[in-house]
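Pasted below: structure_28.cif, mmCIF, C-alpha atoms.
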```cif
data_start
loop_
_atom_site.label_atom_id
_atom_site.label_comp_id
_atom_site.auth_asym_id
_atom_site.auth_seq_id
_atom_site.Cartn_x
_atom_site.Cartn_y
_atom_site.Cartn_z
CA MET S 6 -15.59 27.88 -9.44
CA ASP S 7 -17.81 30.15 -7.37
CA VAL S 8 -17.01 31.12 -3.80
CA GLY S 9 -19.73 28.90 -2.31
CA SER S 10 -18.51 25.64 -3.85
CA SER S 11 -14.89 26.52 -3.06
CA ASP S 12 -15.90 27.02 0.58
CA ARG S 13 -17.56 23.62 0.54
CA THR S 14 -14.49 21.96 -0.98
CA LEU S 15 -12.39 23.60 1.72
CA ARG S 16 -14.68 22.26 4.45
CA GLU S 17 -14.81 18.77 2.94
CA ASP S 18 -11.04 18.59 2.58
CA ALA S 19 -10.58 19.76 6.17
CA ARG S 20 -13.12 17.18 7.40
CA ASP S 21 -11.39 14.35 5.51
CA ALA S 22 -7.97 15.46 6.79
CA LEU S 23 -9.37 15.47 10.31
CA ALA S 24 -10.71 11.90 9.89
CA LEU S 25 -7.26 10.80 8.76
CA ALA S 26 -5.65 12.63 11.70
CA VAL S 27 -7.98 10.95 14.21
CA ALA S 28 -7.06 7.50 12.83
CA VAL S 29 -3.39 8.53 13.03
CA SER S 30 -3.80 9.57 16.66
CA VAL S 31 -5.10 6.10 17.60
CA VAL S 32 -1.95 4.55 16.15
CA ALA S 33 0.15 7.20 17.91
CA VAL S 34 -1.41 6.30 21.27
CA SER S 35 -0.35 2.70 20.77
CA PHE S 36 3.14 3.85 19.75
CA GLY S 37 3.47 5.87 22.97
CA ALA S 38 2.29 2.94 25.07
CA LEU S 39 4.55 0.45 23.25
CA ALA S 40 7.66 2.64 23.48
CA THR S 41 7.07 3.17 27.19
CA ALA S 42 6.60 -0.57 27.72
CA ALA S 43 9.92 -1.10 25.87
CA GLY S 44 11.59 1.15 28.47
CA LEU S 45 11.99 4.37 26.46
CA PRO S 46 11.86 7.54 28.59
CA LEU S 47 9.10 10.10 27.93
CA LEU S 48 11.48 12.65 26.40
CA ILE S 49 12.99 10.21 23.91
CA THR S 50 9.58 8.88 22.88
CA MET S 51 8.20 12.40 22.38
CA ALA S 52 11.32 13.58 20.56
CA MET S 53 10.94 10.61 18.22
CA SER S 54 7.36 11.51 17.30
CA LEU S 55 8.25 15.19 16.98
CA LEU S 56 11.50 14.84 14.99
CA VAL S 57 11.17 11.60 13.03
CA LEU S 58 7.42 11.88 12.35
CA ALA S 59 7.23 8.57 10.47
CA GLY S 60 5.06 5.92 12.11
CA GLY S 61 6.49 2.85 10.41
CA ALA S 62 10.11 3.78 11.14
CA GLN S 63 9.31 4.64 14.76
CA PHE S 64 7.56 1.31 15.42
CA LEU S 65 10.37 -0.57 13.68
CA ALA S 66 13.13 1.23 15.61
CA VAL S 67 11.44 0.58 18.96
CA ALA S 68 10.80 -3.07 18.05
CA ILE S 69 14.49 -3.54 17.15
CA ILE S 70 15.59 -1.90 20.42
CA ALA S 71 13.09 -3.97 22.43
CA ALA S 72 14.40 -7.15 20.79
CA GLY S 73 17.95 -6.19 21.83
CA GLY S 74 19.01 -5.32 18.27
CA GLY S 75 20.95 -2.20 19.26
CA ALA S 76 20.86 1.45 18.21
CA VAL S 77 22.76 1.06 14.92
CA ALA S 78 20.33 -1.60 13.67
CA ALA S 79 17.38 0.55 14.78
CA VAL S 80 18.66 3.61 12.90
CA ALA S 81 19.56 1.61 9.78
CA GLY S 82 16.18 -0.14 9.76
CA GLY S 83 14.30 3.13 10.22
CA LEU S 84 16.24 4.91 7.47
CA LEU S 85 15.77 1.99 5.07
CA LEU S 86 12.03 2.12 5.69
CA ASN S 87 12.02 5.89 5.09
CA LEU S 88 13.90 5.80 1.78
CA ARG S 89 10.54 5.71 -0.03
CA HIS S 90 10.07 9.35 1.00
CA LEU S 91 12.67 10.49 -1.52
CA PRO S 92 10.62 9.59 -4.61
CA TYR S 93 7.54 11.02 -2.85
CA GLY S 94 9.36 14.35 -2.73
CA LEU S 95 10.08 14.20 -6.46
CA ALA S 96 6.36 13.69 -7.11
CA VAL S 97 4.99 16.48 -4.89
CA ALA S 98 7.82 19.07 -5.05
CA ASP S 99 5.70 21.57 -7.00
CA VAL S 100 2.69 21.11 -4.73
CA VAL S 101 4.58 21.73 -1.46
CA GLY S 102 5.75 25.19 -2.52
CA ASP S 103 8.10 27.12 -4.78
CA ARG S 104 10.23 28.95 -2.27
CA TRP S 105 12.79 27.42 0.05
CA PRO S 106 11.05 28.12 3.41
CA ALA S 107 8.05 26.11 2.16
CA LYS S 108 10.32 23.24 1.14
CA VAL S 109 12.33 23.33 4.38
CA PHE S 110 9.18 23.12 6.56
CA GLY S 111 7.13 21.09 4.10
CA ALA S 112 9.80 18.37 3.95
CA HIS S 113 9.10 17.44 7.57
CA LEU S 114 5.42 16.83 6.72
CA LEU S 115 6.18 14.46 3.82
CA ILE S 116 4.17 11.51 5.19
CA ASP S 117 2.60 8.64 3.18
CA GLU S 118 -0.95 9.73 3.98
CA VAL S 119 -0.21 13.42 3.35
CA VAL S 120 1.31 12.67 -0.07
CA ALA S 121 -1.69 10.51 -1.01
CA PHE S 122 -4.18 13.03 0.41
CA SER S 123 -2.68 15.89 -1.55
CA ARG S 124 -2.23 13.97 -4.81
CA ALA S 125 -5.89 12.94 -4.71
CA ARG S 126 -6.61 16.66 -5.15
CA GLY S 127 -4.56 17.18 -8.30
CA SER S 128 -1.55 19.48 -8.46
CA GLY S 129 -2.97 22.99 -8.09
CA ALA S 130 -3.88 25.33 -5.24
CA ARG S 131 -6.32 22.83 -3.73
CA ALA S 132 -3.61 20.14 -3.61
CA ARG S 133 -1.21 22.58 -1.95
CA ARG S 134 -3.75 23.54 0.69
CA ALA S 135 -4.56 19.84 1.21
CA TYR S 136 -0.84 19.06 1.70
CA TRP S 137 -0.36 21.68 4.41
CA THR S 138 -3.73 21.14 6.14
CA SER S 139 -3.35 17.36 6.36
CA GLY S 140 0.37 17.60 7.16
CA ILE S 141 -0.08 19.97 10.09
CA LEU S 142 -3.14 18.08 11.39
CA LEU S 143 -1.42 14.68 11.16
CA ALA S 144 1.76 15.97 12.82
CA THR S 145 -0.26 17.53 15.66
CA PHE S 146 -2.44 14.46 16.25
CA TRP S 147 0.56 12.12 15.97
CA ASN S 148 2.36 13.96 18.77
CA ALA S 149 -0.73 14.44 20.96
CA GLY S 150 -1.55 10.74 20.57
CA THR S 151 2.00 9.70 21.45
CA LEU S 152 1.89 11.77 24.65
CA LEU S 153 -1.47 10.24 25.61
CA GLY S 154 -0.06 6.76 24.99
CA VAL S 155 3.00 7.42 27.14
CA VAL S 156 0.88 8.79 29.99
CA ALA S 157 -1.88 6.18 29.84
CA GLY S 158 0.65 3.40 29.22
CA SER S 159 -0.55 -0.15 29.78
CA ALA S 160 -4.18 0.98 30.27
CA ILE S 161 -4.35 1.35 26.44
CA PRO S 162 -6.04 -1.56 24.63
CA ASP S 163 -4.42 -3.11 21.55
CA PRO S 164 -5.49 -0.87 18.59
CA SER S 165 -6.05 -3.95 16.41
CA VAL S 166 -9.25 -4.49 18.45
CA PHE S 167 -10.62 -1.40 16.67
CA GLY S 168 -9.40 -2.54 13.25
CA VAL S 169 -7.20 0.54 12.86
CA ASP S 170 -4.68 -1.57 10.94
CA ALA S 171 -7.31 -1.93 8.17
CA ALA S 172 -8.21 1.77 8.22
CA PHE S 173 -4.82 2.89 6.88
CA PRO S 174 -4.49 0.74 3.76
CA ALA S 175 -8.18 1.46 3.00
CA ALA S 176 -7.66 5.21 3.39
CA LEU S 177 -4.54 5.19 1.19
CA LEU S 178 -6.33 3.12 -1.44
CA ALA S 179 -9.30 5.52 -1.44
CA LEU S 180 -6.89 8.42 -1.91
CA LEU S 181 -5.15 6.62 -4.79
CA LEU S 182 -8.34 5.93 -6.78
CA PRO S 183 -8.19 9.19 -8.81
CA ALA S 184 -4.61 8.40 -9.91
CA LEU S 185 -5.68 4.87 -10.84
CA ARG S 186 -8.05 6.17 -13.53
CA GLN S 187 -4.98 6.22 -15.80
CA SER S 188 -4.32 2.81 -17.33
CA ASP S 189 -0.52 3.12 -17.01
CA ALA S 190 -0.89 3.91 -13.28
CA ARG S 191 -3.16 0.86 -12.85
CA ARG S 192 -0.62 -1.39 -14.61
CA VAL S 193 2.33 -0.05 -12.62
CA GLY S 194 0.37 -0.10 -9.35
CA LEU S 195 -0.76 -3.71 -9.74
CA ALA S 196 2.75 -4.89 -10.63
CA SER S 197 4.19 -2.92 -7.72
CA ALA S 198 1.68 -4.36 -5.22
CA VAL S 199 2.36 -7.95 -6.38
CA ILE S 200 6.15 -7.49 -6.25
CA ALA S 201 6.02 -5.93 -2.77
CA VAL S 202 3.84 -8.66 -1.24
CA ALA S 203 5.74 -11.47 -2.97
CA THR S 204 9.13 -10.23 -1.70
CA THR S 205 7.97 -9.46 1.87
CA PRO S 206 8.89 -12.89 3.36
CA PHE S 207 12.45 -12.62 1.97
CA LEU S 208 13.49 -8.97 2.41
CA ALA S 209 14.14 -6.66 5.38
CA PRO S 210 11.23 -4.31 6.26
CA GLY S 211 11.14 -1.36 3.86
CA LEU S 212 12.81 -3.13 0.94
CA PRO S 213 9.63 -4.80 -0.40
CA VAL S 214 7.94 -1.39 -0.79
CA LEU S 215 11.04 -0.02 -2.55
CA ALA S 216 11.12 -3.16 -4.74
CA GLY S 217 7.62 -2.09 -5.83
CA LEU S 218 9.35 0.60 -7.92
CA LEU S 219 10.32 -2.24 -10.29
CA GLY S 220 6.66 -2.09 -11.29
CA LEU S 221 7.65 0.98 -13.34
CA ALA S 222 9.04 -1.49 -15.88
CA VAL S 223 5.50 -2.10 -17.15
CA ALA S 224 4.72 1.63 -17.50
CA GLY S 225 5.10 1.36 -21.27
CA ARG S 226 5.25 4.34 -23.59
CA GLU S 227 3.05 7.38 -23.14
CA MET Y 12 17.09 4.25 21.86
CA THR Y 13 19.85 6.71 22.73
CA TRP Y 14 19.84 10.44 21.88
CA PRO Y 15 22.58 10.12 19.20
CA ALA Y 16 20.66 7.25 17.56
CA LEU Y 17 17.38 9.17 17.69
CA LEU Y 18 18.93 12.34 16.26
CA THR Y 19 20.63 10.37 13.47
CA LEU Y 20 17.33 8.73 12.52
CA ALA Y 21 15.55 12.11 12.64
CA ALA Y 22 18.21 13.94 10.61
CA GLY Y 23 18.49 11.13 8.07
CA THR Y 24 14.73 10.96 7.61
CA TYR Y 25 14.51 14.72 7.20
CA LEU Y 26 17.31 14.80 4.61
CA ILE Y 27 15.69 11.99 2.59
CA ARG Y 28 12.48 14.03 2.53
CA LEU Y 29 14.21 17.32 1.71
CA VAL Y 30 16.37 15.94 -1.12
CA GLY Y 31 13.30 14.67 -2.98
CA LEU Y 32 11.64 18.08 -2.70
CA LEU Y 33 14.71 20.07 -3.78
CA LEU Y 34 15.96 17.93 -6.69
CA PRO Y 35 13.28 18.75 -9.30
CA GLY Y 36 13.98 22.49 -8.88
CA ARG Y 37 17.76 22.02 -9.26
CA VAL Y 38 17.83 19.73 -12.26
CA ARG Y 39 15.95 20.31 -15.48
CA VAL Y 40 13.67 17.30 -15.76
CA PRO Y 41 12.27 16.20 -19.14
CA ALA Y 42 8.49 15.63 -19.22
CA HIS Y 43 8.74 11.86 -19.72
CA VAL Y 44 10.93 11.56 -16.62
CA GLU Y 45 8.43 13.63 -14.63
CA ARG Y 46 5.78 11.07 -15.58
CA TYR Y 47 7.96 8.43 -13.90
CA PHE Y 48 8.17 10.54 -10.71
CA ASP Y 49 4.39 10.56 -10.61
CA LEU Y 50 4.05 6.85 -11.44
CA GLY Y 51 6.79 6.09 -8.92
CA ALA Y 52 4.79 7.67 -6.09
CA THR Y 53 1.72 5.65 -7.14
CA ALA Y 54 3.85 2.48 -7.27
CA LEU Y 55 5.30 3.06 -3.78
CA LEU Y 56 1.97 3.97 -2.21
CA LEU Y 57 0.22 0.93 -3.70
CA ALA Y 58 3.12 -1.30 -2.61
CA LEU Y 59 2.65 0.12 0.89
CA VAL Y 60 -1.11 -0.53 0.70
CA ALA Y 61 -0.52 -4.13 -0.40
CA VAL Y 62 2.17 -4.86 2.20
CA SER Y 63 0.18 -3.31 5.05
CA THR Y 64 -3.02 -5.07 3.92
CA PHE Y 65 -1.67 -8.59 3.65
CA THR Y 66 1.45 -8.89 5.79
CA GLN Y 67 2.51 -8.55 9.39
CA ASP Y 68 6.10 -9.16 10.56
CA GLY Y 69 7.02 -10.84 7.26
CA GLY Y 70 4.07 -13.28 7.26
CA PHE Y 71 0.35 -13.28 6.38
CA ALA Y 72 -1.64 -10.81 8.49
CA GLY Y 73 -4.77 -12.98 8.74
CA TRP Y 74 -8.11 -12.50 6.94
CA ALA Y 75 -9.78 -9.87 9.15
CA ARG Y 76 -7.59 -7.02 7.88
CA PRO Y 77 -7.70 -7.67 4.09
CA LEU Y 78 -11.49 -8.17 4.28
CA GLY Y 79 -11.85 -4.83 6.08
CA VAL Y 80 -9.67 -3.15 3.45
CA LEU Y 81 -11.80 -4.78 0.72
CA VAL Y 82 -14.99 -3.34 2.22
CA GLY Y 83 -13.32 0.07 2.44
CA ALA Y 84 -12.10 -0.20 -1.16
CA VAL Y 85 -15.56 -1.09 -2.51
CA ALA Y 86 -17.05 1.79 -0.51
CA ALA Y 87 -14.46 4.22 -1.92
CA TRP Y 88 -15.10 2.94 -5.44
CA ARG Y 89 -18.85 3.54 -4.93
CA ARG Y 90 -17.93 7.13 -3.95
CA VAL Y 91 -18.87 6.77 -0.29
CA PRO Y 92 -17.44 9.78 1.67
CA PHE Y 93 -13.85 9.31 2.81
CA VAL Y 94 -14.70 9.43 6.53
CA LEU Y 95 -17.11 6.51 6.08
CA VAL Y 96 -14.55 4.54 4.05
CA VAL Y 97 -12.16 4.69 7.00
CA ILE Y 98 -14.87 3.77 9.52
CA LEU Y 99 -16.26 0.93 7.37
CA ALA Y 100 -12.81 -0.63 6.90
CA ALA Y 101 -11.89 -0.43 10.59
CA GLY Y 102 -15.38 -1.49 11.70
CA THR Y 103 -15.44 -4.57 9.44
CA THR Y 104 -12.04 -5.73 10.68
CA ALA Y 105 -12.98 -5.05 14.31
CA LEU Y 106 -16.24 -7.04 13.97
CA LEU Y 107 -14.49 -9.94 12.21
CA ARG Y 108 -11.94 -10.08 15.05
CA LEU Y 109 -14.74 -9.93 17.60
CA ALA Y 110 -16.23 -12.95 15.80
CA GLY Y 111 -12.94 -14.79 16.24
CA LEU Y 112 -11.29 -14.34 12.81
CA PRO Y 113 -7.60 -13.39 13.30
#
```
As structure tokens, please, write out the structure in this file.
Amino acid sequence: MDVGSSDRTLREDARDALALAVAVSVVAVSFGALATAAGLPLLITMAMSLLVLAGGAQFLAVAIIAAGGGAVAAVAGGLLLNLRHLPYGLAVADVVGDRWPAKVFGAHLLIDEVVAFSRARGSGARARRAYWTSGILLATFWNAGTLLGVVAGSAIPDPSVFGVDAAFPAALLALLLPALRQSDARRVGLASAVIAVATTPFLAPGLPVLAGLLGLAVAGRE
Amino acid sequence: MTWPALLTLAAGTYLIRLVGLLLPGRVRVPAHVERYFDLGATALLLALVAVSTFTQDGGFAGWARPLGVLVGAVAAWRRVPFVLVVILAAGTTALLRLAGLP
């Protein structure tokens, strides 16, 4: 690869990561507004976005608190939802870095979109750069968006008006397309999607996605 | 949300993430198991796509969202740039909602 095309790849990857981060910030604004409406103080809301850095778990925890479910239920629900991050780590361990400082910092950036974004770029140097670029951008925009949401509060319109809830599955799917060129990945992925949707009405949030791992049963032999 | 609850959630989430990253370096993993790590991530991400496309609070999310995701998916398949995929999906869903579809 010559320098020119590598520069272009770098720019394209940065542009795509930025698009993802902007979409993330819209969701973060609504998280900030929602948490504030649920009575969470600014510091707690910001600390959540800074330290937990997992959108689904944060929304779930706040929803449980707002519904009067209590702190233990909120923590348990959030952790259950985040269990899927463990197998993510297994899949991208080599991409994040070889030495322990990279793993210690990189672990905090292990987000659904970051894992998908990086894996769409293989497993080499480009994937590593993609992991860190998208991870740092998403973390920054997530926290900036949360702060904006807390400050602007009830002036924020419902993000579903902008269709942001469709942007995320579409973005993840687009990032998964390269992996789905393999027939075993297509088989496993389809089974996993069907299992997850079918079990959603019956299981606690988080479990249906984990149940999707049962789709590995149709992986077959290599 | 109290501080102890928040810190427990944060620490637990971080440990879950760290363990996954550290395990493959600690344990010698045969190649066929590594294939399952890779397939497992695909399985989880697609499960997440499916659940967040079709469901909301344990029920059906309505048609506006899956149709937007479908438009985004077709665009991605036709190799439309990623930025446009995101905008097309969100835009379709937003327009459908504007037209009254939930």
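Note that atom CA of S:Ile161 and atom CA of Y:Leu109 are 17.7 Å apart.
In this comparison, which uses all atoms listed in the file, the residue of Y:Leu26, Y:Leu95, Y:Leu106, Y:Val80 approaching chain S most closely is Y:Val80.
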Matched chain/residue IDs from the PyMOL selection byres ((chain S and resi 164) around 12), as a list in words:
Ala28, Val29, Ser30, Val31, Val32, Ala33, Val34, Ser35, Phe36, Ala38, Leu39, Gly154, Ala160, Ile161, Pro162, Asp163, Ser165, Val166, Phe167, Gly168, Val169, Asp170, Ala171 and Ala172 of chain S; Ala101, Thr104, Ala105 and Arg108 of chain Y
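Shortest atom-to-atom contact with S:His90 among S:Ala176, S:Val223, S:Leu58, S:Ala72: S:Leu58, counting all atoms listed in the file.
For the pair atom CA of Y:Ala58 and atom CA of S:Ala179, the interatomic distance is 14.2 Å.
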Show me, as a PyMOL selection string, every residue of chain S with an atom at most 7 Å from chain Y, counting all atoms listed in the file.
chain S and resi 21+24+45+53+56-57+70+76+80+83-84+87-96+98+108-109+112-113+115+166-172+174-179+190+193-194+197-198+201-202+205-206+214-215+217-218+220-221
So which residues get picked by the PyMOL selection byres ((chain S and resi 40) around 10) here, written as JSON, numbers by chain?
{"S": [35, 36, 37, 38, 39, 41, 42, 43, 44, 45, 46, 47, 49, 50, 51, 63, 64, 66, 67, 68, 70, 71, 151, 154, 155, 158], "Y": [12]}
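Picture a line from atom CA of S:Ala132 to atom CA of Y:Val38; it runs 23.1 Å.
Residue nearest S:Leu142, chosen from S:Arg226, S:Phe122, S:Val27, S:Asp189 and counting all atoms listed in the file: S:Val27.
Each of S:Gly129, S:Gly225, S:Pro210, S:Gly140 was checked against S:Val100 using only C-alpha atoms; the smallest atom-to-atom distance is that of S:Gly129.
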Chain Y from the block above: C-alpha atoms written as a PDB file, in the first residue's frame:
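To be explicit, this is the file written out as result04.pdb:
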```
ATOM      1  CA  MET Y  12     -28.681   6.104  41.790  1.00  0.00           C
ATOM      2  CA  THR Y  13     -26.349   6.335  44.781  1.00  0.00           C
ATOM      3  CA  TRP Y  14     -22.538   6.658  44.596  1.00  0.00           C
ATOM      4  CA  PRO Y  15     -21.904   3.087  45.873  1.00  0.00           C
ATOM      5  CA  ALA Y  16     -24.353   1.708  43.278  1.00  0.00           C
ATOM      6  CA  LEU Y  17     -22.801   3.774  40.490  1.00  0.00           C
ATOM      7  CA  LEU Y  18     -19.250   2.765  41.422  1.00  0.00           C
ATOM      8  CA  THR Y  19     -20.249  -0.912  41.635  1.00  0.00           C
ATOM      9  CA  LEU Y  20     -21.810  -0.757  38.168  1.00  0.00           C
ATOM     10  CA  ALA Y  21     -18.745   1.058  36.789  1.00  0.00           C
ATOM     11  CA  ALA Y  22     -16.224  -1.321  38.395  1.00  0.00           C
ATOM     12  CA  GLY Y  23     -18.206  -4.407  37.390  1.00  0.00           C
ATOM     13  CA  THR Y  24     -18.531  -3.218  33.800  1.00  0.00           C
ATOM     14  CA  TYR Y  25     -14.829  -2.420  33.620  1.00  0.00           C
ATOM     15  CA  LEU Y  26     -13.835  -5.831  35.013  1.00  0.00           C
ATOM     16  CA  ILE Y  27     -16.098  -7.643  32.529  1.00  0.00           C
ATOM     17  CA  ARG Y  28     -14.372  -5.739  29.728  1.00  0.00           C
ATOM     18  CA  LEU Y  29     -10.857  -6.274  31.090  1.00  0.00           C
ATOM     19  CA  VAL Y  30     -11.246 -10.018  31.726  1.00  0.00           C
ATOM     20  CA  GLY Y  31     -12.186 -10.642  28.098  1.00  0.00           C
ATOM     21  CA  LEU Y  32      -9.128  -8.735  26.902  1.00  0.00           C
ATOM     22  CA  LEU Y  33      -6.684 -10.432  29.293  1.00  0.00           C
ATOM     23  CA  LEU Y  34      -7.847 -14.063  29.032  1.00  0.00           C
ATOM     24  CA  PRO Y  35      -6.555 -14.912  25.533  1.00  0.00           C
ATOM     25  CA  GLY Y  36      -3.024 -13.805  26.533  1.00  0.00           C
ATOM     26  CA  ARG Y  37      -3.075 -15.896  29.739  1.00  0.00           C
ATOM     27  CA  VAL Y  38      -4.446 -19.136  28.380  1.00  0.00           C
ATOM     28  CA  ARG Y  39      -3.155 -20.922  25.313  1.00  0.00           C
ATOM     29  CA  VAL Y  40      -6.145 -21.025  22.991  1.00  0.00           C
ATOM     30  CA  PRO Y  41      -6.377 -23.619  20.201  1.00  0.00           C
ATOM     31  CA  ALA Y  42      -7.197 -22.218  16.735  1.00  0.00           C
ATOM     32  CA  HIS Y  43     -10.656 -23.806  16.556  1.00  0.00           C
ATOM     33  CA  VAL Y  44     -11.620 -22.176  19.856  1.00  0.00           C
ATOM     34  CA  GLU Y  45     -10.375 -18.811  18.581  1.00  0.00           C
ATOM     35  CA  ARG Y  46     -12.776 -19.195  15.659  1.00  0.00           C
ATOM     36  CA  TYR Y  47     -15.599 -19.439  18.213  1.00  0.00           C
ATOM     37  CA  PHE Y  48     -14.436 -16.206  19.905  1.00  0.00           C
ATOM     38  CA  ASP Y  49     -14.731 -14.486  16.549  1.00  0.00           C
ATOM     39  CA  LEU Y  50     -18.087 -16.084  15.685  1.00  0.00           C
ATOM     40  CA  GLY Y  51     -19.299 -15.316  19.211  1.00  0.00           C
ATOM     41  CA  ALA Y  52     -18.710 -11.589  18.729  1.00  0.00           C
ATOM     42  CA  THR Y  53     -20.594 -11.725  15.415  1.00  0.00           C
ATOM     43  CA  ALA Y  54     -23.438 -13.644  17.101  1.00  0.00           C
ATOM     44  CA  LEU Y  55     -23.717 -11.118  19.958  1.00  0.00           C
ATOM     45  CA  LEU Y  56     -23.538  -8.071  17.695  1.00  0.00           C
ATOM     46  CA  LEU Y  57     -26.180  -9.446  15.315  1.00  0.00           C
ATOM     47  CA  ALA Y  58     -28.388 -10.388  18.279  1.00  0.00           C
ATOM     48  CA  LEU Y  59     -28.023  -6.788  19.460  1.00  0.00           C
ATOM     49  CA  VAL Y  60     -28.886  -5.508  15.965  1.00  0.00           C
ATOM     50  CA  ALA Y  61     -31.991  -7.715  15.830  1.00  0.00           C
ATOM     51  CA  VAL Y  62     -33.197  -6.849  19.339  1.00  0.00           C
ATOM     52  CA  SER Y  63     -32.641  -3.118  18.874  1.00  0.00           C
ATOM     53  CA  THR Y  64     -34.263  -3.192  15.419  1.00  0.00           C
ATOM     54  CA  PHE Y  65     -37.465  -4.988  16.329  1.00  0.00           C
ATOM     55  CA  THR Y  66     -38.094  -4.591  20.048  1.00  0.00           C
ATOM     56  CA  GLN Y  67     -38.677  -1.865  22.593  1.00  0.00           C
ATOM     57  CA  ASP Y  68     -39.301  -2.586  26.297  1.00  0.00           C
ATOM     58  CA  GLY Y  69     -39.937  -6.289  25.596  1.00  0.00           C
ATOM     59  CA  GLY Y  70     -42.505  -5.688  22.822  1.00  0.00           C
ATOM     60  CA  PHE Y  71     -42.556  -4.835  19.099  1.00  0.00           C
ATOM     61  CA  ALA Y  72     -40.916  -1.478  18.356  1.00  0.00           C
ATOM     62  CA  GLY Y  73     -43.310  -0.518  15.543  1.00  0.00           C
ATOM     63  CA  TRP Y  74     -42.611  -0.477  11.781  1.00  0.00           C
ATOM     64  CA  ALA Y  75     -40.827   2.873  11.382  1.00  0.00           C
ATOM     65  CA  ARG Y  76     -37.580   1.628  12.937  1.00  0.00           C
ATOM     66  CA  PRO Y  77     -37.174  -1.748  11.154  1.00  0.00           C
ATOM     67  CA  LEU Y  78     -37.999  -0.084   7.804  1.00  0.00           C
ATOM     68  CA  GLY Y  79     -35.316   2.546   8.442  1.00  0.00           C
ATOM     69  CA  VAL Y  80     -32.812  -0.181   9.340  1.00  0.00           C
ATOM     70  CA  LEU Y  81     -33.795  -2.061   6.150  1.00  0.00           C
ATOM     71  CA  VAL Y  82     -33.077   1.011   4.010  1.00  0.00           C
ATOM     72  CA  GLY Y  83     -29.733   1.430   5.784  1.00  0.00           C
ATOM     73  CA  ALA Y  84     -28.910  -2.259   5.299  1.00  0.00           C
ATOM     74  CA  VAL Y  85     -29.667  -2.173   1.558  1.00  0.00           C
ATOM     75  CA  ALA Y  86     -27.567   0.996   1.234  1.00  0.00           C
ATOM     76  CA  ALA Y  87     -24.653  -0.654   3.080  1.00  0.00           C
ATOM     77  CA  TRP Y  88     -24.966  -3.757   0.893  1.00  0.00           C
ATOM     78  CA  ARG Y  89     -24.823  -1.533  -2.213  1.00  0.00           C
ATOM     79  CA  ARG Y  90     -21.573  -0.082  -0.779  1.00  0.00           C
ATOM     80  CA  VAL Y  91     -22.993   3.356  -0.044  1.00  0.00           C
ATOM     81  CA  PRO Y  92     -20.537   5.263   2.249  1.00  0.00           C
ATOM     82  CA  PHE Y  93     -21.023   4.560   5.949  1.00  0.00           C
ATOM     83  CA  VAL Y  94     -21.991   8.145   6.816  1.00  0.00           C
ATOM     84  CA  LEU Y  95     -24.855   7.986   4.306  1.00  0.00           C
ATOM     85  CA  VAL Y  96     -25.984   4.590   5.615  1.00  0.00           C
ATOM     86  CA  VAL Y  97     -26.459   6.123   9.057  1.00  0.00           C
ATOM     87  CA  ILE Y  98     -28.243   9.206   7.671  1.00  0.00           C
ATOM     88  CA  LEU Y  99     -30.491   7.163   5.342  1.00  0.00           C
ATOM     89  CA  ALA Y 100     -31.587   4.837   8.156  1.00  0.00           C
ATOM     90  CA  ALA Y 101     -32.330   7.660  10.598  1.00  0.00           C
ATOM     91  CA  GLY Y 102     -33.927   9.820   7.890  1.00  0.00           C
ATOM     92  CA  THR Y 103     -36.263   7.048   6.692  1.00  0.00           C
ATOM     93  CA  THR Y 104     -37.451   6.316  10.228  1.00  0.00           C
ATOM     94  CA  ALA Y 105     -37.862  10.025  11.002  1.00  0.00           C
ATOM     95  CA  LEU Y 106     -39.933  10.582   7.822  1.00  0.00           C
ATOM     96  CA  LEU Y 107     -42.100   7.515   8.476  1.00  0.00           C
ATOM     97  CA  ARG Y 108     -42.805   8.803  12.000  1.00  0.00           C
ATOM     98  CA  LEU Y 109     -43.578  12.243  10.603  1.00  0.00           C
ATOM     99  CA  ALA Y 110     -46.094  10.498   8.318  1.00  0.00           C
ATOM    100  CA  GLY Y 111     -47.724   8.936  11.379  1.00  0.00           C
ATOM    101  CA  LEU Y 112     -46.234   5.407  11.390  1.00  0.00           C
ATOM    102  CA  PRO Y 113     -45.171   4.502  14.966  1.00  0.00           C
TER     103      PRO Y 113
END
```
